[in-house]
Structure formats: structure tokens, C-alpha cells
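Shown here: target_10.pdb, PDB, C-alpha atoms.
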```
ATOM      1  CA  MET C   1     -12.265  54.913 -31.513
ATOM      2  CA  ALA C   2     -11.731  56.070 -27.926
ATOM      3  CA  ASN C   3     -10.263  59.398 -29.132
ATOM      4  CA  ASP C   4     -13.605  60.279 -30.749
ATOM      5  CA  PHE C   5     -15.299  60.577 -27.350
ATOM      6  CA  VAL C   6     -14.594  62.847 -24.408
ATOM      7  CA  GLY C   7     -15.847  63.190 -20.841
ATOM      8  CA  ILE C   8     -17.055  66.705 -20.041
ATOM      9  CA  ARG C   9     -17.815  68.165 -16.624
ATOM     10  CA  PHE C  10     -20.042  71.218 -16.136
ATOM     11  CA  GLN C  11     -19.299  71.696 -12.438
ATOM     12  CA  GLN C  12     -16.069  71.479 -10.491
ATOM     13  CA  LEU C  13     -17.090  68.187  -8.853
ATOM     14  CA  GLY C  14     -19.943  67.271 -11.133
ATOM     15  CA  LYS C  15     -20.783  64.116 -13.000
ATOM     16  CA  LEU C  16     -18.898  63.247 -16.182
ATOM     17  CA  TYR C  17     -20.946  63.349 -19.409
ATOM     18  CA  HIS C  18     -19.866  61.793 -22.697
ATOM     19  CA  PHE C  19     -19.846  63.691 -25.993
ATOM     20  CA  LYS C  20     -18.431  63.184 -29.459
ATOM     21  CA  THR C  21     -15.614  65.401 -30.622
ATOM     22  CA  GLY C  22     -17.472  65.751 -33.933
ATOM     23  CA  GLN C  23     -16.030  68.261 -36.352
ATOM     24  CA  VAL C  24     -14.026  70.043 -33.658
ATOM     25  CA  LYS C  25     -10.372  69.115 -34.074
ATOM     26  CA  GLY C  26      -7.526  69.476 -31.633
ATOM     27  CA  VAL C  27      -9.617  69.025 -28.475
ATOM     28  CA  ALA C  28      -7.456  68.211 -25.444
ATOM     29  CA  PRO C  29      -8.125  67.563 -21.737
ATOM     30  CA  GLY C  30      -8.459  70.879 -19.929
ATOM     31  CA  ASP C  31     -10.087  72.700 -22.849
ATOM     32  CA  HIS C  32     -13.390  74.500 -22.327
ATOM     33  CA  VAL C  33     -16.060  73.751 -24.924
ATOM     34  CA  ILE C  34     -19.651  74.677 -25.779
ATOM     35  CA  VAL C  35     -22.150  71.797 -26.050
ATOM     36  CA  GLU C  36     -25.909  71.469 -26.465
ATOM     37  CA  THR C  37     -27.734  69.852 -23.509
ATOM     38  CA  LYS C  38     -31.314  69.486 -22.336
ATOM     39  CA  ARG C  39     -30.763  72.770 -20.479
ATOM     40  CA  GLY C  40     -29.657  74.609 -23.571
ATOM     41  CA  ARG C  41     -26.123  75.468 -24.535
ATOM     42  CA  GLN C  42     -23.647  74.931 -21.723
ATOM     43  CA  LEU C  43     -19.983  75.600 -21.153
ATOM     44  CA  GLY C  44     -18.049  72.609 -19.860
ATOM     45  CA  GLN C  45     -14.492  71.420 -19.444
ATOM     46  CA  VAL C  46     -12.999  68.388 -21.162
ATOM     47  CA  ILE C  47     -11.603  66.079 -18.473
ATOM     48  CA  ALA C  48     -10.329  63.130 -20.507
ATOM     49  CA  PHE C  49     -10.783  61.019 -23.602
ATOM     50  CA  VAL C  50     -13.091  58.097 -22.822
ATOM     51  CA  ASP C  51     -14.318  54.833 -24.268
ATOM     52  CA  PRO C  52     -18.085  55.032 -23.655
ATOM     53  CA  ASP C  53     -20.123  52.180 -22.213
ATOM     54  CA  PRO C  54     -21.267  49.814 -25.027
ATOM     55  CA  SER C  55     -24.819  50.071 -23.668
ATOM     56  CA  ILE C  56     -24.900  53.764 -24.608
ATOM     57  CA  LYS C  57     -26.347  54.434 -28.033
ATOM     58  CA  ARG C  58     -23.557  56.299 -29.772
ATOM     59  CA  LYS C  59     -25.834  57.439 -32.574
ATOM     60  CA  GLY C  60     -27.827  59.558 -30.134
ATOM     61  CA  MET C  61     -24.737  61.030 -28.474
ATOM     62  CA  LYS C  62     -24.337  64.751 -29.109
ATOM     63  CA  SER C  63     -21.194  66.386 -30.414
ATOM     64  CA  ILE C  64     -19.153  69.349 -29.240
ATOM     65  CA  GLU C  65     -20.288  72.518 -31.000
ATOM     66  CA  ARG C  66     -17.079  74.506 -30.683
ATOM     67  CA  LEU C  67     -14.202  75.449 -28.435
ATOM     68  CA  ALA C  68     -14.988  78.145 -25.883
ATOM     69  CA  THR C  69     -13.576  81.591 -26.573
ATOM     70  CA  PRO C  70     -12.151  84.065 -24.036
ATOM     71  CA  ARG C  71     -15.430  85.968 -24.377
ATOM     72  CA  ASP C  72     -17.384  82.874 -23.295
ATOM     73  CA  LEU C  73     -15.212  82.465 -20.217
ATOM     74  CA  LEU C  74     -15.561  86.145 -19.313
ATOM     75  CA  LEU C  75     -19.333  85.947 -19.844
ATOM     76  CA  ARG C  76     -19.549  82.999 -17.454
ATOM     77  CA  GLN C  77     -17.633  84.934 -14.812
ATOM     78  CA  VAL C  78     -20.034  87.879 -15.147
ATOM     79  CA  TRP C  79     -23.085  85.692 -14.592
ATOM     80  CA  GLN C  80     -21.446  83.835 -11.699
ATOM     81  CA  GLU C  81     -21.058  87.165  -9.890
ATOM     82  CA  LYS C  82     -24.837  87.654 -10.134
ATOM     83  CA  GLU C  83     -25.691  84.295  -8.531
ATOM     84  CA  LEU C  84     -25.540  85.471  -4.907
ATOM     85  CA  GLY C  85     -27.826  88.445  -5.580
ATOM     86  CA  THR C  86     -30.299  86.177  -7.371
ATOM     87  CA  LEU C  87     -30.294  83.733  -4.454
ATOM     88  CA  ILE C  88     -31.055  86.573  -2.005
ATOM     89  CA  LEU C  89     -33.872  87.775  -4.276
ATOM     90  CA  CYS C  90     -35.303  84.257  -4.352
ATOM     91  CA  ARG C  91     -35.227  83.948  -0.555
ATOM     92  CA  GLU C  92     -36.879  87.338  -0.062
ATOM     93  CA  GLN C  93     -39.686  86.536  -2.500
ATOM     94  CA  ALA C  94     -40.223  83.103  -0.913
ATOM     95  CA  HIS C  95     -40.617  84.803   2.458
ATOM     96  CA  LYS C  96     -43.156  87.266   1.022
ATOM     97  CA  GLN C  97     -45.133  84.374  -0.462
ATOM     98  CA  GLY C  98     -45.221  82.610   2.905
ATOM     99  CA  LEU C  99     -43.165  79.595   1.862
ATOM    100  CA  LYS C 100     -41.994  77.812   5.000
ATOM    101  CA  ASP C 101     -39.950  74.693   5.748
ATOM    102  CA  ILE C 102     -37.827  75.260   2.657
ATOM    103  CA  LYS C 103     -34.186  76.247   2.261
ATOM    104  CA  PHE C 104     -32.761  77.743  -0.923
ATOM    105  CA  VAL C 105     -29.113  76.700  -1.143
ATOM    106  CA  LYS C 106     -27.618  77.977  -4.370
ATOM    107  CA  ALA C 107     -28.384  79.826  -7.608
ATOM    108  CA  GLU C 108     -26.493  78.767 -10.719
ATOM    109  CA  TYR C 109     -26.571  80.489 -14.113
ATOM    110  CA  SER C 110     -25.512  78.973 -17.417
ATOM    111  CA  TYR C 111     -22.478  80.631 -18.958
ATOM    112  CA  ASP C 112     -24.609  83.067 -21.010
ATOM    113  CA  GLY C 113     -27.387  83.624 -18.432
ATOM    114  CA  SER C 114     -30.084  81.974 -20.540
ATOM    115  CA  TRP C 115     -30.760  79.298 -17.913
ATOM    116  CA  LEU C 116     -31.011  79.623 -14.121
ATOM    117  CA  ILE C 117     -31.150  76.715 -11.649
ATOM    118  CA  ILE C 118     -32.203  77.312  -8.047
ATOM    119  CA  TYR C 119     -31.252  74.417  -5.748
ATOM    120  CA  TYR C 120     -33.427  73.960  -2.681
ATOM    121  CA  THR C 121     -34.117  71.387   0.030
ATOM    122  CA  THR C 122     -37.315  70.634   1.932
ATOM    123  CA  GLU C 123     -39.229  67.736   3.444
ATOM    124  CA  ASN C 124     -42.585  69.314   2.639
ATOM    125  CA  LYS C 125     -43.550  67.785  -0.708
ATOM    126  CA  LYS C 126     -46.827  69.765  -0.933
ATOM    127  CA  LEU C 127     -45.317  73.219  -1.396
ATOM    128  CA  ASP C 128     -46.574  75.142  -4.424
ATOM    129  CA  LEU C 129     -43.507  76.750  -6.019
ATOM    130  CA  ASN C 130     -45.159  77.831  -9.274
ATOM    131  CA  PRO C 131     -45.757  81.463  -8.166
ATOM    132  CA  LEU C 132     -42.122  81.767  -7.112
ATOM    133  CA  GLN C 133     -40.879  80.285 -10.393
ATOM    134  CA  THR C 134     -43.102  82.680 -12.371
ATOM    135  CA  PHE C 135     -41.704  85.647 -10.431
ATOM    136  CA  LEU C 136     -38.097  84.559 -11.049
ATOM    137  CA  ASN C 137     -38.725  84.007 -14.747
ATOM    138  CA  ARG C 138     -40.029  87.540 -15.040
ATOM    139  CA  SER C 139     -37.395  89.155 -12.808
ATOM    140  CA  THR C 140     -34.258  87.446 -14.130
ATOM    141  CA  ARG C 141     -35.367  87.076 -17.768
ATOM    142  CA  SER C 142     -33.867  83.605 -17.715
ATOM    143  CA  ARG C 143     -35.463  80.208 -17.956
ATOM    144  CA  VAL C 144     -35.728  79.144 -14.306
ATOM    145  CA  GLU C 145     -35.626  75.603 -12.969
ATOM    146  CA  LEU C 146     -36.192  74.819  -9.273
ATOM    147  CA  GLN C 147     -34.330  71.620  -8.387
ATOM    148  CA  LEU C 148     -34.825  69.659  -5.173
ATOM    149  CA  ILE C 149     -31.620  68.202  -3.659
ATOM    150  CA  GLY C 150     -30.853  65.984  -0.668
ATOM    151  CA  PRO C 151     -28.858  66.651   2.521
ATOM    152  CA  ARG C 152     -25.597  65.310   1.083
ATOM    153  CA  ASP C 153     -25.808  67.657  -1.904
ATOM    154  CA  VAL C 154     -26.529  70.574   0.437
ATOM    155  CA  ALA C 155     -23.368  69.839   2.421
ATOM    156  CA  LYS C 156     -21.403  69.525  -0.823
ATOM    157  CA  MET C 157     -22.533  72.947  -2.043
ATOM    158  CA  LEU C 158     -22.058  74.745   1.272
ATOM    159  CA  GLY C 159     -18.579  73.307   1.855
ATOM    160  CA  GLY C 160     -16.889  73.797   5.198
ATOM    161  CA  PHE C 161     -14.917  71.419   7.405
ATOM    162  CA  GLY C 162     -15.685  67.909   8.580
ATOM    163  CA  ALA C 163     -15.266  66.407  12.042
ATOM    164  CA  CYS C 164     -11.695  65.417  11.131
ATOM    165  CA  GLY C 165     -10.744  69.079  10.796
ATOM    166  CA  GLN C 166     -10.203  68.848   7.042
ATOM    167  CA  PRO C 167     -12.410  70.263   4.242
ATOM    168  CA  ARG C 168     -15.364  67.997   3.564
ATOM    169  CA  CYS C 169     -14.678  65.136   1.167
ATOM    170  CA  CYS C 170     -17.853  65.884  -0.797
ATOM    171  CA  SER C 171     -16.669  69.454  -1.419
ATOM    172  CA  THR C 172     -13.110  68.583  -2.433
ATOM    173  CA  PHE C 173     -12.920  65.359  -4.473
ATOM    174  CA  LEU C 174     -16.067  63.195  -4.327
ATOM    175  CA  THR C 175     -18.005  63.278  -7.595
ATOM    176  CA  GLU C 176     -20.603  60.661  -6.580
ATOM    177  CA  PHE C 177     -22.068  59.480  -3.282
ATOM    178  CA  SER C 178     -21.606  55.782  -2.480
ATOM    179  CA  PRO C 179     -24.145  53.877  -0.331
ATOM    180  CA  VAL C 180     -23.118  53.825   3.340
ATOM    181  CA  SER C 181     -24.458  51.443   6.003
ATOM    182  CA  ILE C 182     -24.120  50.855   9.754
ATOM    183  CA  ARG C 183     -22.444  47.534   8.962
ATOM    184  CA  MET C 184     -19.419  49.416   7.630
ATOM    185  CA  ALA C 185     -18.935  51.123  10.991
ATOM    186  CA  LYS C 186     -19.341  47.836  12.881
ATOM    187  CA  GLU C 187     -16.819  46.052  10.658
ATOM    188  CA  GLN C 188     -14.219  48.730  11.390
ATOM    189  CA  GLY C 189     -14.856  48.721  15.141
ATOM    190  CA  ILE C 190     -16.090  52.319  15.172
ATOM    191  CA  SER C 191     -18.390  53.469  17.949
ATOM    192  CA  LEU C 192     -22.012  53.603  16.824
ATOM    193  CA  SER C 193     -22.552  56.888  18.649
ATOM    194  CA  PRO C 194     -24.219  59.395  16.266
ATOM    195  CA  GLN C 195     -21.437  61.892  16.969
ATOM    196  CA  GLU C 196     -18.870  59.395  15.701
ATOM    197  CA  ILE C 197     -20.511  58.160  12.496
ATOM    198  CA  THR C 198     -22.734  61.067  11.383
ATOM    199  CA  GLY C 199     -21.493  63.799   9.071
ATOM    200  CA  MET C 200     -22.439  67.465   8.923
ATOM    201  CA  CYS C 201     -25.263  66.566   6.534
ATOM    202  CA  GLY C 202     -26.943  64.421   9.192
ATOM    203  CA  ARG C 203     -26.237  61.214   7.241
ATOM    204  CA  LEU C 204     -23.624  58.492   7.740
ATOM    205  CA  ARG C 205     -20.146  59.757   6.925
ATOM    206  CA  CYS C 206     -18.875  59.095   3.421
ATOM    207  CA  CYS C 207     -15.447  58.151   4.793
ATOM    208  CA  LEU C 208     -16.876  54.955   6.304
ATOM    209  CA  VAL C 209     -16.621  53.480   2.804
ATOM    210  CA  TYR C 210     -12.925  54.167   2.280
ATOM    211  CA  GLU C 211     -11.347  51.324   4.322
ATOM    212  CA  TYR C 212     -14.343  48.993   4.596
ATOM    213  CA  GLU C 213     -13.167  46.480   1.974
ATOM    214  CA  GLN C 214      -9.674  46.331   3.498
ATOM    215  CA  TYR C 215     -11.158  45.531   6.924
ATOM    216  CA  VAL C 216     -13.402  42.796   5.489
ATOM    217  CA  GLU C 217     -10.516  41.182   3.613
ATOM    218  CA  ALA C 218      -8.166  41.368   6.613
ATOM    219  CA  ARG C 219     -10.682  39.829   9.022
ATOM    220  CA  LYS C 220     -11.078  36.721   6.826
ATOM    221  CA  SER C 221      -7.677  35.368   7.941
ATOM    222  CA  LEU C 222      -7.916  36.440  11.612
ATOM    223  CA  PRO C 223      -9.783  34.672  14.460
ATOM    224  CA  LYS C 224     -12.857  36.344  15.913
ATOM    225  CA  ARG C 225     -13.213  37.667  19.455
ATOM    226  CA  ASN C 226     -13.497  35.148  22.322
ATOM    227  CA  LYS C 227     -11.850  32.433  20.211
ATOM    228  CA  ARG C 228      -9.324  30.182  22.005
ATOM    229  CA  VAL C 229      -5.967  30.287  20.236
ATOM    230  CA  GLY C 230      -2.400  29.162  20.737
ATOM    231  CA  THR C 231       0.513  31.596  20.740
ATOM    232  CA  PRO C 232       4.296  31.316  21.269
ATOM    233  CA  GLN C 233       3.706  32.578  24.864
ATOM    234  CA  GLY C 234       0.897  30.119  25.617
ATOM    235  CA  ILE C 235      -2.831  29.532  25.171
ATOM    236  CA  GLY C 236      -5.245  32.443  25.449
ATOM    237  CA  ILE C 237      -8.524  34.065  24.415
ATOM    238  CA  VAL C 238      -8.810  36.657  21.634
ATOM    239  CA  LYS C 239      -9.954  39.941  23.175
ATOM    240  CA  ASP C 240      -9.696  42.235  20.178
ATOM    241  CA  VAL C 241      -8.871  42.123  16.465
ATOM    242  CA  ARG C 242      -6.622  44.605  14.681
ATOM    243  CA  PRO C 243      -7.288  43.985  10.978
ATOM    244  CA  LEU C 244      -5.010  46.653   9.521
ATOM    245  CA  ARG C 245      -2.113  45.459  11.713
ATOM    246  CA  ASP C 246      -2.885  41.830  10.771
ATOM    247  CA  SER C 247      -2.828  40.836  14.441
ATOM    248  CA  VAL C 248      -5.003  40.114  17.476
ATOM    249  CA  LEU C 249      -4.857  40.967  21.177
ATOM    250  CA  VAL C 250      -4.798  37.802  23.307
ATOM    251  CA  ALA C 251      -5.370  37.392  27.066
ATOM    252  CA  LEU C 252      -3.125  34.502  28.148
ATOM    253  CA  GLU C 253      -4.530  31.848  30.486
ATOM    254  CA  GLY C 254      -2.980  31.675  33.957
ATOM    255  CA  GLN C 255      -0.659  34.643  33.448
ATOM    256  CA  ASP C 256      -0.633  38.096  35.025
ATOM    257  CA  VAL C 257      -0.163  39.868  31.672
ATOM    258  CA  ASP C 258      -3.407  41.557  30.601
ATOM    259  CA  TRP C 259      -2.921  40.795  26.918
ATOM    260  CA  ILE C 260      -0.312  40.513  24.217
ATOM    261  CA  GLU C 261      -0.391  41.371  20.524
ATOM    262  CA  VAL C 262       0.152  38.350  18.290
ATOM    263  CA  PRO C 263       0.662  38.556  14.485
ATOM    264  CA  ARG C 264      -1.435  36.302  12.283
ATOM    265  CA  GLU C 265       1.382  33.933  11.287
ATOM    266  CA  GLN C 266       2.019  33.025  14.977
ATOM    267  CA  ILE C 267      -1.612  32.155  15.802
ATOM    268  CA  GLU C 268      -2.779  28.550  16.159
ATOM    269  CA  PRO C 269      -6.572  28.114  15.827
ATOM    270  CA  LEU C 270      -7.018  25.583  18.665
ATOM    271  CA  GLU C 271     -10.782  25.227  18.337
ATOM    272  CA  GLU C 272     -10.541  24.357  14.646
ATOM    273  CA  LEU C 273      -7.691  21.894  15.262
ATOM    274  CA  GLU C 274      -9.611  20.178  18.065
ATOM    275  CA  ALA C 275     -12.676  19.864  15.839
ATOM    276  CA  LEU C 276     -10.571  18.225  13.108
ATOM    277  CA  GLU C 277      -9.029  15.763  15.590
ATOM    278  CA  LYS C 278     -12.473  14.725  16.891
ATOM    279  CA  LYS C 279     -13.727  14.215  13.361
ATOM    280  CA  ALA C 280     -10.722  12.065  12.470
ATOM    281  CA  ALA C 281     -11.078   9.947  15.643
ATOM    282  CA  ALA C 282     -14.817   9.376  15.132
ATOM    283  CA  GLY C 283     -14.262   7.266  12.029
ATOM    284  CA  CYS C 284     -16.973   6.783   9.432
ATOM    285  CA  SER C 285     -20.196   8.614  10.264
ATOM    286  CA  LYS C 286     -22.240   7.145   7.418
ATOM    287  CA  HIS C 287     -23.363   4.060   9.389
ATOM    288  CA  GLU C 288     -24.955   3.620  12.810
ATOM    289  CA  GLY C 289     -22.719   2.112  15.499
ATOM    290  CA  GLY C 290     -19.601   3.104  13.633
ATOM    291  CA  GLY C 291     -19.500  -0.001  11.488
ATOM    292  CA  CYS C 292     -18.166   0.885   8.077
ATOM    293  CA  THR C 293     -18.947  -1.119   4.942
ATOM    294  CA  CYS C 294     -18.505   1.616   2.371
ATOM    295  CA  GLY C 295     -14.730   1.835   2.732
ATOM    296  CA  ALA C 296     -14.782   5.565   3.517
ATOM    297  CA  ASN C 297     -11.972   5.247   6.084
ATOM    298  CA  ARG C 298     -10.016   2.481   4.328
ATOM    299  CA  ALA C 299      -7.170   3.001   1.942
ATOM    300  CA  PRO C 300      -8.208   2.441  -1.663
ATOM    301  CA  GLN C 301      -7.354  -1.032  -2.984
ATOM    302  CA  THR C 302      -5.644  -1.492  -6.315
ATOM    303  CA  GLU C 303      -6.072  -4.559  -8.508
ATOM    304  CA  PRO C 304      -2.935  -6.707  -8.967
ATOM    305  CA  ILE C 305      -1.131  -6.319 -12.244
ATOM    306  CA  THR C 306      -0.910  -9.587 -14.239
ATOM    307  CA  ASP C 307       0.852 -10.559 -17.396
ATOM    308  CA  GLU C 308      -0.686 -12.132 -20.494
ATOM    309  CA  ASN C 309      -0.510 -15.630 -18.864
ATOM    310  CA  GLY C 310      -2.472 -14.503 -15.830
ATOM    311  CA  GLU C 311       0.496 -14.591 -13.469
ATOM    312  CA  VAL C 312       1.017 -11.782 -10.961
TER     313      VAL C 312
END
```
For this file, write the structure as C-alpha cells.
Amino acid sequence: MANDFVGIRFQQLGKLYHFKTGQVKGVAPGDHVIVETKRGRQLGQVIAFVDPDPSIKRKGMKSIERLATPRDLLLRQVWQEKELGTLILCREQAHKQGLKDIKFVKAEYSYDGSWLIIYYTTENKKLDLNPLQTFLNRSTRSRVELQLIGPRDVAKMLGGFGACGQPRCCSTFLTEFSPVSIRMAKEQGISLSPQEITGMCGRLRCCLVYEYEQYVEARKSLPKRNKRVGTPQGIGIVKDVRPLRDSVLVALEGQDVDWIEVPREQIEPLEELEALEKKAAAGCSKHEGGGCTCGANRAPQTEPITDENGEV
């Protein structure tokens, strides 16, 4: 049953993980619970009841241990207050050990301090971080994991504002990063200048994905640029396409008006109509010289209906 499985999130905008409710009764969305993970016992929040993917082996799915108590929540807050000091300690020790070309972004404790994750970013894959990890294990008395993250995750953790003037999407509501390509910018008519399509992380902006499918679908029923079309005001050439307005800008032939905006339902695709007329006038194209013996351009003949005496 769907009510036997819940989606739990361990970070504010983290990935959703599936667990069984097990013997814990009365679990509801919004509750904080304690579960066993590969990083030890963790405190997470129930987001919703879920119906897990059939491909997931339910037998191996772990169950919720118990509901979190006020003490658990207070303990998590205590360890969260220590994260900044631990991050500073990590940076200082990395400097003493001569580690260069590396940036430590965030320190994150488990709710009871038994596990510590240090997130870092670097392009130097040959750095030896074992001495630093040994030092942190000894200094923090926690099990330390150093996790490499990419530029998008760095921007998500640091937060801040995007080029639009609003808080970054990755820091406010995005839980996963979708693939982004230059084609998405081209389809939406956005300038390919790096300042226009690059986010604060140095990668293509996540928002290029948002309206891409709508642009693709809208362009299917609109003529492309430089196409010759008919309009109520006369014949012209398409100069620009406005997919979200379901219209095109047309420069009329032999008129002083620069261009007019024409909605889709008033556009006549002249080039397509002319091509159909030529094809109809050419007759059968299956035989050389135009002579047709296959009956492709003749009306189908029906056999006469006769009675039982053979009379029509």
C-alpha cells in the first residue's frame, strides 16, 4: 500500500529518499523522524506518502526507527551552530598543509554530531586529502567524510541572488539539476552572449529549461523566418517569430510599413500552397513523359451492379 511508504528529506532542498513506516504508527507529512542510513542514524523530515518505483526492491528498503523527540531537534540545532567553526578550522588546517586550488564550501554535522561531511570543490584531482581527514577525525571526534561537489552545488549552498534580481532558483526550490543546452537558448531567441545565458555558477542558467518545451510546441504551428506568407494586409516575409504570443512579425511587400504582427490563424503559408498546386498540376510522376497507365490520377472505377439474370 502507498501509505506504508514515505518520502524523507534530510536537507531543505535535498533529494527525496523512500522508507517504510514500519512499526511507527501515526506518521504524517511534516513529522521529523530518525532513520538508519549508510551515514549512520540521521534526522529527516517526512515530506509525503509515496508509491515507490516498482524497480526498487521493497524488501531491502529500510524502515523508520522512531519519531524525533524535542531533544533530537535541540541536539541538531546545537551541532548546526558548530558547523561554521568547523569549516574555518578545516580551511586553516588545509592552508597549513599547503593544499592549493581547493575551496571548502560547507561543513554539515548529523543531528547528533556522530558524522561530519565537508563539501569541497576543486579541479585538481591529484590532491592528497588523507592528512586533512585524519586531522579532522581527531579534532572533531566525528566520523569525517570529504565530499567533492560541482559548481552548481556550490552555488546552491552559498545562495545569493541571480541575474534576475531574485534569490537563486537552486537555493530556493530546485531539488535536482536538469540538463541544459545551448539549443534551449537558441529556441527561445535568447542572445548567446555568456552574460545572458550563464549563471553565477559559471554554467548555463537553470531557468533556460523552464519555457523550452512551450517554445518548441508553439513554433510547430508558426512559419519560420524569411518564409513568404499571406496576411489580411497583403503578402510579406516573416521577419521574426513570437511563439508565446502565437504570432509572427511580417514585412509587407511594396508597403512603407516596417512590419506588422499577424496572429497564427490569419497566416496563409504561400510557399506550401504553391508547392501543392505544382504537384497537383504535374500529374502522375510514376512514368516518364507524364503518361499514366497505373491510374494514379484517375477516379477509381466501380463494377456495374447486375441482377441474377446478368442484366444491369
Item checked: Point-to-point distance from CA of Glu187 in chain C to CA of Gly159 in chain C, Å rounded to tenths -> 28.7 Å
With only C-alpha atoms as the counted atoms, please give the residues lying no more than 8 Å from range 129-139 of chain C, apart from itself and same-chain residues fewer than 6 positions off, as an mmCIF file with C-alpha atoms, in the coordinates of the input.
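Full text of around-v6.cif as output:
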```
data_model
loop_
_atom_site.group_PDB
_atom_site.id
_atom_site.type_symbol
_atom_site.label_atom_id
_atom_site.label_comp_id
_atom_site.auth_asym_id
_atom_site.auth_seq_id
_atom_site.Cartn_x
_atom_site.Cartn_y
_atom_site.Cartn_z
ATOM 1 C CA CYS C 90 -35.303 84.257 -4.352
ATOM 2 C CA GLN C 93 -39.686 86.536 -2.500
ATOM 3 C CA ALA C 94 -40.223 83.103 -0.913
ATOM 4 C CA GLN C 97 -45.133 84.374 -0.462
ATOM 5 C CA GLU C 145 -35.626 75.603 -12.969
ATOM 6 C CA LEU C 146 -36.192 74.819 -9.273
#
```
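Here CA of Glu123 in chain C and CA of Arg203 in chain C stand 15.0 Å from one another.
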Using only C-alpha atoms, which protein or nucleic acid residues come within 10 Å of Gly202 in chain C? Drop anything in the same chain fewer than 6 positions from it, and give the result as an mmCIF file with C-alpha atoms, in the frame of the given file.
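Output file out23.cif is given in full below:
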```cif
data_model
loop_
_atom_site.group_PDB
_atom_site.id
_atom_site.type_symbol
_atom_site.label_atom_id
_atom_site.label_comp_id
_atom_site.auth_asym_id
_atom_site.auth_seq_id
_atom_site.Cartn_x
_atom_site.Cartn_y
_atom_site.Cartn_z
ATOM 1 C CA PRO C 151 -28.858 66.651 2.521
ATOM 2 C CA ARG C 152 -25.597 65.310 1.083
ATOM 3 C CA ALA C 155 -23.368 69.839 2.421
ATOM 4 C CA PRO C 194 -24.219 59.395 16.266
ATOM 5 C CA GLN C 195 -21.437 61.892 16.969
#
```
Note to self: Here's the selection I'm unsure about, the PyMOL selection byres ((chain C and resi 106) around 6); applied to the file above, which residues does it give, as a list in words?
What the structure shows: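 Taken over the shown coordinates, the PyMOL selection byres ((chain C and resi 106) around 6) returns Val105, Ala107, Ile118 and Tyr119 of chain C.
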Notebook entry, point to check: Taking (2.7, 35.1, 24.5) in the file's coordinates as the center, which residues reach within 8 Å of it, counting all atoms listed in the file, put as an MDAnalysis selection string?
Noted result: chainID C and resid 231:235 252 260 262
Note to self: I'd like the residues picked by the PyMOL selection byres ((chain C and resi 247) around 8) written out as a list in words, using the chain letters and numbers from the file.
What the structure shows: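 Those residues are Leu222, Val241, Arg242, Pro243, Leu244, Arg245, Asp246, Val248, Leu249, Glu261, Val262, Pro263 and Arg264 of chain C.
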Next item on the list: Write out as number ranges by chain each polymer residue whose atoms come within 9 Å of range 125-127 of chain C, counting only C-alpha atoms; drop sequence neighbours fewer than 3 positions from it.
Entry: C: 99-100, 102, 122
Item checked: Interatomic distance, CA of Gly199 in chain C to CA of Leu116 in chain C (Å, one decimal) ->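 For CA of Gly199 in chain C relative to CA of Leu116 in chain C, the distance reads 29.6 Å.
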Check: Between C:Glu81, C:Leu204, C:Glu217, C:Arg143, which one has atoms that come closest to Ser178 in chain C, using all atoms listed in the file?
Finding: C:Leu204
So which residues get picked by the PyMOL selection byres ((chain C and resi 236) around 6) here, written as an mmCIF file with C-alpha atoms, in the coordinates of the input?
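Dumped everything to result-v5.cif:
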```
data_model
loop_
_atom_site.group_PDB
_atom_site.id
_atom_site.type_symbol
_atom_site.label_atom_id
_atom_site.label_comp_id
_atom_site.auth_asym_id
_atom_site.auth_seq_id
_atom_site.Cartn_x
_atom_site.Cartn_y
_atom_site.Cartn_z
ATOM 1 C CA ARG C 228 -9.324 30.182 22.005
ATOM 2 C CA VAL C 229 -5.967 30.287 20.236
ATOM 3 C CA ILE C 235 -2.831 29.532 25.171
ATOM 4 C CA ILE C 237 -8.524 34.065 24.415
ATOM 5 C CA VAL C 250 -4.798 37.802 23.307
ATOM 6 C CA ALA C 251 -5.370 37.392 27.066
ATOM 7 C CA LEU C 252 -3.125 34.502 28.148
ATOM 8 C CA GLU C 253 -4.530 31.848 30.486
#
```
Item checked: Minimum-distance residue to Gln42 in chain C, chosen among C:Gly30, C:Gly113, C:Gly189, C:Gly160 (using all atoms listed in the file) ->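 Closest residue, counting all atoms listed in the file: C:Gly113.
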Checklist line | Nearest candidate to Met184 in chain C (options C:Cys170, C:Lys156, C:Val216, C:Gly98; using only C-alpha atoms) | finding: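 Distance minimum relative to Met184 in chain C lands on C:Val216.
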Just the residues within 10 Å of Lys25 in chain C, please, counting all atoms listed in the file, with nothing from its chain fewer than 2 positions along; format it as a PDB file with C-alpha atoms, in the frame of the given file.
```
ATOM      1  CA  ASP C   4     -13.605  60.279 -30.749  1.00  0.00           C
ATOM      2  CA  THR C  21     -15.614  65.401 -30.622  1.00  0.00           C
ATOM      3  CA  GLY C  22     -17.472  65.751 -33.933  1.00  0.00           C
ATOM      4  CA  GLN C  23     -16.030  68.261 -36.352  1.00  0.00           C
ATOM      5  CA  VAL C  27      -9.617  69.025 -28.475  1.00  0.00           C
ATOM      6  CA  ALA C  28      -7.456  68.211 -25.444  1.00  0.00           C
ATOM      7  CA  ARG C  66     -17.079  74.506 -30.683  1.00  0.00           C
ATOM      8  CA  LEU C  67     -14.202  75.449 -28.435  1.00  0.00           C
TER       9      LEU C  67
END
```
Taking all listed atoms of range 214-226 of chain C, build the axis-aligned box, pad each of the six sides by 5 Å, then write its centre and edge lengths in Å to one decimal as lines of an AutoDock Vina configuration file.
```
center_x = -10.6
center_y = 40.5
center_z = 12.9
size_x = 15.8
size_y = 21.7
size_z = 28.8
```
